[in-house]
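Chemist: I'd like to ask you about the structure that follows.
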Amino acid sequence: MKSHDVKVWSIRKRPYKTPSYDVRWKVGDAPPFSETFRTKALADNFRAKLLRAAQKGEAFDTETGLPDSMAPIKESLSWYDFARAYVVMKWPHAAPNSRDSLNETMTLVTTHLLGDRAGRPADDVLRRALRGWAFVVQAPDEEAPPVDIANALRWVAKASLPLTTLKNPADIRSVLDSLKLTLAGAPAAAETVRRKRAVLFNALAYAVELGELPENPVTLVKWKLPKVTKEVDRRVVVNPRQAAELLGAVSYVGGYRRARGRRLVALFACMYFGGLRPAEAVALRRPDCTLPDKGWGSLILEKSRPTVGKRWTGTGEVHDNRGLKNRPANETRIVPAPPRLVRMLRAHIEEFGTATDGRLFANERGGVVASTTYWRVWDEARHLALTPEQVASPLAARPYDLRHAALSSWLNAGVDPTEVAERAGNSVEVLLSRYAKCLDGRQDVANRRIAELLGEDDGQEDEPGHGF
């Protein structure tokens, strides 16, 4: 609290073996304050400052007893200490992928905000120290870092620039520009830059909340974010014949006994025939599937099992266990399964069974299928099914492109966008904006309708003299 009610008393000499002098004063309703000095001159000087402040009408702090002009200067917090405190605050409530992004951004900015101090560690050691130790909330029983890592972290603590450095527009602009690069120095993707900028903005908003900065310095500079291409590249979309050939090629990947490819055929089929995201297909359970002998079935999606790494899950598991994307926890989505997908799922269950927890797809040991596993299988299948020119192209370069093929083919078949969006777990707006370039034949339909409106025969040329 602040108060303008101040009363300064006279100096009192304390009759000790070594004399001292007390200055006593009162602020508002707070208990009296006192300050002891070795000489009377020092005490007089301090008392004079209190009186001048009171005469100027300065507000006095009721906790310290001092006016604003005499308040102790707060020691500037280093960026490194602040960044570590921010990570600790965010960690418990952040999803694993968010923790990874938080760690990456704090590491990148920290390497940019280091002073020119002797003994700088090698760049790879510095990145390992920050990425693997400094910005990870370790478990209580976690082992101490290796000597080289511990030395690197001590150097960073001493070399880190003050957080207040970012109040300078030139410095915050330089930091923002550094977000356009990866930790290895390569250009970062536009979506990655946007994500890292959001993390930095939120971190500095927390600094303002703590009173370490007067305002968020990111808002002080005009810095353009790179544009993100949200539309799906139509070159990645396979047609039904290509999809069938790719799924057939998957079954030939690996030896027959290990069945590296065969056990994943139905997994990829879920992406193409059901429009599932890869992590949704990995989490699919047998009790949530209706697979009749004939006709259409249905899949009830509730969970997603993306691969994120043990460091970020906090459970020691490589895979996160979360709800569906863009939906509240425990909300489900029902996806109709066409007869061909139903038959493939029934054949998969008959040959490979299910995991102990009911999952349809498991690795050879019964664990969750890792993204690296199905990516390797898919890459080998592309080389078997496609021509060398197609392998070098973006055509179905990622397993996720099977979902793109599914959604764009449904739209091209004339399925209502609202129904497609419901099956895909997207909004209609996002669906149409992403797949606008993948809709074949729409221009021909529009041309024909315009020609009909104008009363023209779309199949004949205009007679001479009748054109505009």
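Ligands are numbered from 1 in the order shown, residues from 1 within each chain, and chains are lettered A, B, ... in the order they appear in the structure tokens.
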Range 34-96 of chain A near range 198-215 of chain A within 10 Å: what's each residue's closest atom pair and its distance in Å to one decimal, counting only C-alpha atoms, ordered by chain then ascending residue number, as a tab-separated table?

Modeler:
```
residue	atom	partner	partner_atom	distance
A:Lys74	CA	A:Glu212	CA	9.4
A:Ser76	CA	A:Glu212	CA	8.0
A:Leu77	CA	A:Glu212	CA	7.6
A:Phe82	CA	A:Ala207	CA	7.9
A:Ala83	CA	A:Ala203	CA	7.8
A:Tyr86	CA	A:Ala203	CA	6.7
A:Val87	CA	A:Ala203	CA	8.9
A:Met89	CA	A:Tyr206	CA	9.8
A:Lys90	CA	A:Ala203	CA	9.5
```

Chemist: Identify, on the basis of only C-alpha atoms, every residue whose closest approach to range 286-288 of chain A does not exceed 10 Å; exclude the query and any residue fewer than 6 positions from it along the same chain; express the result as a PyMOL selection string.

Modeler: chain A and resi 298-302+334+345+349+353-355+357-361

Chemist: Using only C-alpha atoms, please write the residues we just selected to a file, as a compact mmCIF listing (two decimals), in the first residue's frame.

Modeler:
```txt
# COMPACT_ATOMS: atom_id res chain seq x y z
CA SER A 298 -19.12 -47.94 -38.04
CA LEU A 299 -16.12 -46.84 -36.00
CA ILE A 300 -16.48 -44.89 -32.75
CA LEU A 301 -13.40 -42.75 -32.22
CA GLU A 302 -12.57 -41.55 -28.71
CA ILE A 334 -18.72 -41.81 -35.27
CA LEU A 345 -10.75 -55.03 -40.56
CA ILE A 349 -8.61 -59.33 -36.61
CA GLY A 353 -6.16 -60.60 -33.17
CA THR A 354 -6.10 -57.54 -30.92
CA ALA A 355 -3.81 -56.11 -28.25
CA ASP A 357 -6.29 -53.48 -24.21
CA GLY A 358 -8.47 -54.11 -27.28
CA ARG A 359 -6.49 -52.06 -29.80
CA LEU A 360 -6.83 -53.33 -33.36
CA PHE A 361 -3.28 -52.49 -34.33
```

Chemist: Please run DSSP on the backbone and report, as a ChimeraX atom specification, all residues within range 130-230 of chain A that come out as helix (DSSP H, G or I).

Modeler: /A:130-134,147-159,163-167,169-178,190-209,217-220

Chemist: CA of Asp401 in chain A to CA of Arg434 in chain A: how many Å, to one decimal?

Modeler: 12.7 Å

Chemist: Would you return as an NGL selection string the members of range 77-289 of chain A that DSSP assigns to strand (DSSP E or B) on this structure's backbone?

Modeler: :A and (78 or 114 or 160 or 162 or 181 or 187 or 285 or 289)

Chemist: Excluding Lys294 in chain A and residues on its chain fewer than 3 positions from it, collect all residues at most 12 Å away from it, counting only C-alpha atoms, and give them as a ChimeraX atom specification.

Modeler: /A:290-291,297,337-343,346

Chemist: Restricting the output to N, CA and C atoms, write the selected residues as a PDB file, in the first residue's frame.

Modeler:
```
ATOM      1  N   THR A 290     -18.179 -51.574 -35.116  1.00  0.00           N
ATOM      2  CA  THR A 290     -19.291 -52.423 -35.545  1.00  0.00           C
ATOM      3  C   THR A 290     -18.948 -52.933 -36.943  1.00  0.00           C
ATOM      4  N   LEU A 291     -18.697 -54.265 -37.043  1.00  0.00           N
ATOM      5  CA  LEU A 291     -18.209 -54.862 -38.285  1.00  0.00           C
ATOM      6  C   LEU A 291     -19.123 -56.009 -38.703  1.00  0.00           C
ATOM      7  N   GLY A 297     -20.381 -50.695 -41.795  1.00  0.00           N
ATOM      8  CA  GLY A 297     -20.180 -50.760 -40.355  1.00  0.00           C
ATOM      9  C   GLY A 297     -19.951 -49.358 -39.819  1.00  0.00           C
ATOM     10  N   ALA A 337     -18.117 -46.924 -41.776  1.00  0.00           N
ATOM     11  CA  ALA A 337     -17.075 -47.733 -42.433  1.00  0.00           C
ATOM     12  C   ALA A 337     -17.678 -48.427 -43.642  1.00  0.00           C
ATOM     13  N   PRO A 338     -17.175 -48.156 -44.853  1.00  0.00           N
ATOM     14  CA  PRO A 338     -17.709 -48.810 -46.048  1.00  0.00           C
ATOM     15  C   PRO A 338     -17.438 -50.311 -46.018  1.00  0.00           C
ATOM     16  N   PRO A 339     -18.194 -51.089 -46.778  1.00  0.00           N
ATOM     17  CA  PRO A 339     -18.046 -52.556 -46.743  1.00  0.00           C
ATOM     18  C   PRO A 339     -16.620 -53.037 -46.974  1.00  0.00           C
ATOM     19  N   ARG A 340     -15.876 -52.396 -47.874  1.00  0.00           N
ATOM     20  CA  ARG A 340     -14.515 -52.852 -48.129  1.00  0.00           C
ATOM     21  C   ARG A 340     -13.650 -52.704 -46.878  1.00  0.00           C
ATOM     22  N   LEU A 341     -13.791 -51.602 -46.165  1.00  0.00           N
ATOM     23  CA  LEU A 341     -13.016 -51.408 -44.938  1.00  0.00           C
ATOM     24  C   LEU A 341     -13.448 -52.407 -43.878  1.00  0.00           C
ATOM     25  N   VAL A 342     -14.746 -52.687 -43.807  1.00  0.00           N
ATOM     26  CA  VAL A 342     -15.238 -53.676 -42.837  1.00  0.00           C
ATOM     27  C   VAL A 342     -14.596 -55.027 -43.096  1.00  0.00           C
ATOM     28  N   ARG A 343     -14.543 -55.424 -44.358  1.00  0.00           N
ATOM     29  CA  ARG A 343     -13.950 -56.725 -44.688  1.00  0.00           C
ATOM     30  C   ARG A 343     -12.462 -56.753 -44.338  1.00  0.00           C
ATOM     31  N   ARG A 346     -12.087 -57.073 -40.521  1.00  0.00           N
ATOM     32  CA  ARG A 346     -12.416 -58.421 -40.060  1.00  0.00           C
ATOM     33  C   ARG A 346     -11.277 -59.390 -40.390  1.00  0.00           C
TER      34      ARG A 346
END
```

Chemist: Identify, on the basis of only C-alpha atoms, every residue whose closest approach to range 180-182 of chain A does not exceed 12 Å; exclude the query and any residue fewer than 6 positions from it along the same chain; express the result as a PyMOL selection string.

Modeler: chain A and resi 101+104-105+107-109+111-112+127+173-174+188-197+223-226

Chemist: Could you please determine the separation between CA of His383 in chain A and CA of Ala281 in chain A in Å, to one decimal place?

Modeler: 23.3 Å

Chemist: Considering only C-alpha atoms, state which residue in the set A:Leu163, A:Ser409, A:Asn363, A:Leu276 is at the smallest distance from Arg258 in chain A.

Modeler: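 Checking each of A:Leu163, A:Ser409, A:Asn363, A:Leu276 against Arg258 in chain A, counting only C-alpha atoms, the winner is A:Asn363.
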
Chemist: Of the residues A:Glu452, A:Asp148, A:Asp171, A:Asp177, which is the one nearest to Leu220 in chain A, using only C-alpha atoms?

Modeler: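 Of A:Glu452, A:Asp148, A:Asp171, A:Asp177, the one nearest Leu220 in chain A, counting only C-alpha atoms, is A:Asp171.
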
Chemist: I need the residue nearest Ala48 in chain A from this list: A:Ser98, A:Leu454, A:Ile11, A:Ser433. Use only C-alpha atoms for the distance.

Modeler: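 The shortest atom-to-atom distance to Ala48 in chain A comes from A:Ile11.
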
Chemist: Rank nothing, just name the residue among A:Pro169, A:Leu407, A:Ala249, A:Gly132 nearest to Ala152 in chain A, using only C-alpha atoms.

Modeler: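 Once distances to Ala152 in chain A are computed over only C-alpha atoms, the minimum belongs to A:Gly132.
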